$ cat data.cif   # mmCIF, C-alpha atoms and all ligand atoms
data_data
loop_
_atom_site.label_atom_id
_atom_site.label_comp_id
_atom_site.auth_asym_id
_atom_site.auth_seq_id
_atom_site.Cartn_x
_atom_site.Cartn_y
_atom_site.Cartn_z
CA MET A 13 110.92 43.16 103.51
CA SER A 14 114.50 43.04 104.71
CA ASP A 15 113.95 40.41 107.41
CA PRO A 16 115.99 37.37 106.48
CA GLU A 17 114.46 35.01 109.03
CA ALA A 18 111.25 33.22 108.13
CA LYS A 19 110.05 33.24 111.71
CA SER A 20 110.23 37.05 111.65
CA ALA A 21 107.74 37.21 108.78
CA ARG A 22 104.87 37.75 111.17
CA PRO A 23 103.23 41.01 112.10
CA VAL A 24 104.29 43.19 114.98
CA TRP A 25 101.07 44.24 116.71
CA LEU A 26 101.28 47.59 118.50
CA VAL A 27 98.68 47.74 121.24
CA GLY A 28 97.76 50.22 123.94
CA MET A 29 95.21 52.85 124.79
CA MET A 30 94.04 55.66 122.55
CA GLY A 31 96.75 58.30 122.63
CA CYS A 32 99.61 55.98 123.63
CA GLY A 33 101.49 56.79 120.42
CA LYS A 34 100.90 53.69 118.24
CA SER A 35 100.29 55.70 115.07
CA THR A 36 103.36 57.88 115.65
CA VAL A 37 105.78 55.19 116.77
CA GLY A 38 104.51 52.62 114.25
CA PRO A 39 105.91 54.23 111.08
CA LEU A 40 109.23 54.92 112.82
CA LEU A 41 109.50 51.31 113.91
CA ALA A 42 108.46 50.04 110.48
CA ARG A 43 111.22 52.10 108.84
CA ARG A 44 113.80 50.71 111.29
CA LEU A 45 112.69 47.14 110.60
CA GLY A 46 112.29 47.59 106.84
CA ARG A 47 108.63 46.60 107.09
CA ASP A 48 105.34 48.17 106.02
CA PHE A 49 103.27 50.15 108.49
CA VAL A 50 99.51 49.59 108.69
CA ASP A 51 97.12 51.56 110.87
CA ALA A 52 94.28 49.08 111.43
CA ASP A 53 91.62 51.76 111.97
CA ALA A 54 92.62 53.54 108.73
CA TRP A 55 92.67 50.17 106.96
CA ILE A 56 89.12 49.42 108.17
CA GLU A 57 87.92 52.92 107.21
CA ALA A 58 89.34 52.60 103.70
CA ARG A 59 87.58 49.29 103.14
CA ALA A 60 84.32 50.23 104.82
CA GLY A 61 84.18 53.64 103.13
CA ARG A 62 83.19 55.10 106.50
CA SER A 63 85.04 56.55 109.46
CA VAL A 64 85.36 54.64 112.73
CA ARG A 65 83.10 57.24 114.26
CA GLN A 66 80.46 56.72 111.55
CA ILE A 67 80.61 52.94 112.05
CA PHE A 68 80.15 53.30 115.83
CA GLU A 69 77.30 55.79 115.39
CA GLY A 70 75.54 54.02 112.54
CA GLU A 71 76.01 50.35 113.37
CA GLY A 72 77.23 50.27 116.96
CA GLU A 73 80.41 49.07 118.64
CA PRO A 74 79.82 45.32 118.04
CA ALA A 75 79.78 45.95 114.27
CA PHE A 76 83.07 47.81 114.55
CA ARG A 77 84.58 44.98 116.62
CA ALA A 78 83.56 42.46 113.94
CA LEU A 79 85.30 44.56 111.26
CA GLU A 80 88.35 44.88 113.51
CA SER A 81 88.51 41.14 114.06
CA ALA A 82 88.23 40.49 110.31
CA ALA A 83 91.00 43.05 109.72
CA ILE A 84 93.28 41.15 112.11
CA ASP A 85 92.71 37.96 110.10
CA VAL A 86 93.80 39.68 106.89
CA LEU A 87 96.69 41.67 108.37
CA ALA A 88 98.01 38.53 110.07
CA GLY A 89 98.92 37.29 106.59
CA GLY A 90 101.48 40.08 106.21
CA ALA A 91 104.58 40.97 108.15
CA GLY A 92 103.87 44.60 108.81
CA VAL A 93 104.02 46.76 111.87
CA VAL A 94 100.30 47.05 112.67
CA ALA A 95 98.89 49.70 115.00
CA LEU A 96 95.69 48.22 116.42
CA GLY A 97 92.84 50.28 117.87
CA GLY A 98 92.99 50.51 121.65
CA GLY A 99 90.19 48.01 122.25
CA ALA A 100 91.27 45.27 119.84
CA ILE A 101 93.28 43.16 122.27
CA ALA A 102 90.64 43.47 125.00
CA GLN A 103 88.00 41.55 123.01
CA ALA A 104 87.27 37.95 124.02
CA GLY A 105 90.07 35.64 122.90
CA ALA A 106 91.95 38.42 121.11
CA ALA A 107 95.07 38.48 123.31
CA GLU A 108 95.73 34.78 122.68
CA ARG A 109 94.96 35.14 119.00
CA LEU A 110 97.28 38.10 118.49
CA ALA A 111 100.10 36.36 120.38
CA ARG A 112 99.69 33.30 118.18
CA LEU A 113 99.72 35.34 114.97
CA GLY A 114 102.55 37.75 115.70
CA THR A 115 104.53 39.65 118.31
CA VAL A 116 102.51 41.88 120.61
CA VAL A 117 104.08 45.14 121.79
CA TYR A 118 102.32 47.25 124.43
CA LEU A 119 102.97 50.99 124.52
CA ARG A 120 102.20 51.76 128.16
CA ALA A 121 101.21 55.29 129.13
CA SER A 122 99.63 56.97 132.16
CA PRO A 123 96.13 58.49 132.02
CA ASP A 124 97.62 62.01 132.10
CA ALA A 125 99.90 61.29 129.14
CA LEU A 126 96.97 59.71 127.26
CA LEU A 127 94.76 62.72 127.98
CA ALA A 128 97.42 65.12 126.70
CA ARG A 129 97.85 63.10 123.49
CA VAL A 130 94.21 62.51 122.58
CA GLY A 131 93.45 66.23 122.64
CA ARG A 132 89.76 66.94 121.99
CA ALA A 133 89.35 63.40 120.67
CA ASP A 134 86.79 64.39 118.04
CA GLY A 135 87.33 61.29 115.93
CA ARG A 136 87.19 58.91 118.90
CA PRO A 137 83.63 57.79 119.58
CA LEU A 138 84.38 56.37 123.03
CA LEU A 139 85.51 59.82 124.21
CA ALA A 140 83.03 61.91 122.21
CA GLY A 141 81.18 64.70 123.99
CA LEU A 142 83.24 64.54 127.18
CA ASP A 143 85.03 67.48 128.78
CA SER A 144 88.65 67.14 129.79
CA ALA A 145 87.97 65.84 133.33
CA ALA A 146 85.48 63.27 132.05
CA ARG A 147 87.86 62.23 129.26
CA ARG A 148 90.60 61.61 131.82
CA ALA A 149 88.23 59.58 134.00
CA ARG A 150 87.07 57.51 131.03
CA LEU A 151 90.64 56.87 129.90
CA ALA A 152 91.70 55.80 133.41
CA GLU A 153 88.67 53.50 133.69
CA MET A 154 89.28 51.89 130.29
CA LEU A 155 92.98 51.49 131.03
CA GLU A 156 92.16 49.69 134.26
CA ALA A 157 89.63 47.41 132.55
CA ARG A 158 92.11 46.54 129.77
CA ARG A 159 95.32 46.42 131.77
CA SER A 160 95.45 42.63 132.09
CA ALA A 161 94.94 42.19 128.35
CA TYR A 162 97.61 44.77 127.48
CA GLU A 163 100.08 43.23 129.88
CA THR A 164 99.98 39.88 128.12
CA ALA A 165 102.22 41.55 125.50
CA ALA A 166 105.59 39.95 124.80
CA ILE A 167 107.18 43.40 124.95
CA VAL A 168 106.06 46.29 127.18
CA VAL A 169 107.54 49.76 126.68
CA ASP A 170 106.86 52.74 128.95
CA THR A 171 106.27 55.81 126.82
CA ASP A 172 105.61 58.68 129.25
CA GLY A 173 108.07 61.48 128.52
CA GLN A 174 109.79 59.42 125.81
CA PRO A 175 110.26 60.81 122.30
CA PRO A 176 108.67 58.52 119.66
CA GLU A 177 112.04 57.74 118.07
CA ALA A 178 113.39 56.54 121.43
CA VAL A 179 110.34 54.31 121.90
CA ALA A 180 110.83 52.86 118.40
CA GLU A 181 114.48 52.19 119.17
CA ARG A 182 113.63 50.38 122.41
CA ILE A 183 111.11 48.21 120.62
CA GLU A 184 113.58 47.41 117.85
CA GLN A 185 116.11 46.31 120.46
CA ALA A 186 113.55 44.19 122.32
CA LEU A 187 112.36 42.58 119.09
CA GLY A 188 115.89 41.49 118.37
CA GLY A 189 115.52 39.03 121.20
CA SER A 190 111.92 37.94 120.78
CA THR A 191 110.82 37.55 117.15
C1 LIG B 201 89.15 52.41 120.40
C2 LIG B 201 90.30 53.02 119.95
C3 LIG B 201 90.40 53.67 118.64
C4 LIG B 201 89.37 53.06 117.66
C5 LIG B 201 88.01 53.09 118.25
C6 LIG B 201 87.92 52.31 119.57
C7 LIG B 201 89.14 51.78 121.75
O1 LIG B 201 91.70 53.50 118.10
O2 LIG B 201 89.72 51.75 117.31
O3 LIG B 201 87.66 54.43 118.45
O4 LIG B 201 88.27 50.95 122.02
O5 LIG B 201 90.04 52.12 122.56
P1 LIG B 201 93.02 54.25 118.66
O6 LIG B 201 93.50 53.48 119.85
O7 LIG B 201 93.97 54.17 117.51
O8 LIG B 201 92.61 55.65 118.98
#

$ encode --input "data.cif" --output "structure tokens"
Amino acid sequence: MSDPEAKSARPVWLVGMMGCGKSTVGPLLARRLGRDFVDADAWIEARAGRSVRQIFEGEGEPAFRALESAAIDVLAGGAGVVALGGGAIAQAGAAERLARLGTVVYLRASPDALLARVGRADGRPLLAGLDSAARRARLAEMLEARRSAYETAAIVVDTDGQPPEAVAERIEQALGGST
């Protein structure tokens, strides 16, 4: 941890829709900040011994949301760059909680950019079994439903057409003024 300021020793939460680039930008940002990177879904999978898809299929979405909420509690104790699953901040009370525990950064992307980045979306239960047109419609619908939660973020970065390194650089600059 190279951050000298105590108030900076809080997580940076990367939020945004599936396919917005959290897992790509996150490690780049973490390297710039000298912090650890944590992918919350991978963290949950490692502890649960099951994939996110298996949890959704076997126990249902509410069970996954409970694991996700518990993960936030633990990860809030560190000062990492944490990529959260797309739905985490949209759960009841989560936006306020995340803002209290760290700095929330929203990677904003259009439905077309999201569609291009999620590909066939095999590991994403909320898009499973949909063809491309239906995936785009689902992404646009979810984005609309979550927009107000995402836009509570302290930092909002538009990512369409932006290389990941440029997005990481913009976040680093913005964090300079807000952590
Ligand atoms: C979800 C997004 C996924 C994962 C789960 C639910 C969502 O994470 O947490 O499939 O509700 O948008 P990514 O945003 O990393 O794909």

$ residues_near_ligand --input "data.cif" --ligand "ligand LIG 201 (chain B)" --cutoff "8 Å" --atoms "all atoms listed in the file" --output "list in words"
Val27, Gly28, Met29, Met30, Gly31, Cys32, Lys34, Ser35, Asp51, Ala52, Asp53, Val64, Arg65, Glu80, Ala95, Leu96, Gly97, Gly98, Gly99, Ala100, Val130, Gly135, Arg136, Pro137, Leu138 and Met154 of chain A

$ atom_distance --input "data.cif" --atom1 "atom CA of Asp143 of chain A" --atom2 "atom CA of Ala157 of chain A"
20.9 Å

$ atom_distance --input "data.cif" --atom1 "atom CA of Ile167 of chain A" --atom2 "atom CA of Leu151 of chain A"
21.9 Å

$ atom_distance --input "data.cif" --atom1 "atom CA of Ser144 of chain A" --atom2 "atom CA of Leu119 of chain A"
22.2 Å

$ closest_residue --input "data.cif" --among "A:Pro74, A:Val93, A:Val50, A:Arg150" --to "Val117 of chain A" --atoms "all atoms listed in the file"
A:Val93

$ residues_around --input "data.cif" --residues "Ala91 of chain A" --least-positions-apart "5" --cutoff "8 Å" --atoms "all atoms listed in the file" --output "PyMOL selection string"
chain A and resi 20-24+47-48

$ write_last_selection --input "data.cif" --atoms "C-alpha atoms" --output "short mmCIF file (atom, residue, chain, number, x, y, z; two decimals), in the frame of the given file"
data_model
loop_
_atom_site.label_atom_id
_atom_site.label_comp_id
_atom_site.auth_asym_id
_atom_site.auth_seq_id
_atom_site.Cartn_x
_atom_site.Cartn_y
_atom_site.Cartn_z
CA SER A 20 110.23 37.05 111.65
CA ALA A 21 107.74 37.21 108.78
CA ARG A 22 104.87 37.75 111.17
CA PRO A 23 103.23 41.01 112.10
CA VAL A 24 104.29 43.19 114.98
CA ARG A 47 108.63 46.60 107.09
CA ASP A 48 105.34 48.17 106.02
#

$ residues_near_point --input "data.cif" --point "(81.7, 52.3, 107.6)" --cutoff "12 Å" --atoms "only C-alpha atoms" --output "number ranges by chain"
A: 53-73, 75-80

$ closest_residue --input "data.cif" --among "A:Leu127, A:Val179, A:Leu113, A:Ala161" --to "Gly90 of chain A" --atoms "all atoms listed in the file"
A:Leu113

$ residues_around --input "data.cif" --residues "Ile183 of chain A" --least-positions-apart "5" --cutoff "9 Å" --atoms "all atoms listed in the file" --output "PyMOL selection string"
chain A and resi 41+117+167-169+178+188

$ residues_around --input "data.cif" --residues "Pro176 of chain A" --least-positions-apart "3" --cutoff "8 Å" --atoms "all atoms listed in the file" --output "list in words"
Gly33, Thr36, Val37, Leu40, Val179 and Ala180 of chain A

$ residues_around --input "data.cif" --residues "Tyr162 of chain A" --least-positions-apart "3" --cutoff "8 Å" --atoms "all atoms listed in the file" --output "PyMOL selection string"
chain A and resi 27-28+101-102+107+118+158-159+165

$ closest_residue --input "data.cif" --among "A:Ala146, A:Gly131, A:Leu110, A:Glu184" --to "Ala83 of chain A" --atoms "all atoms listed in the file"
A:Leu110
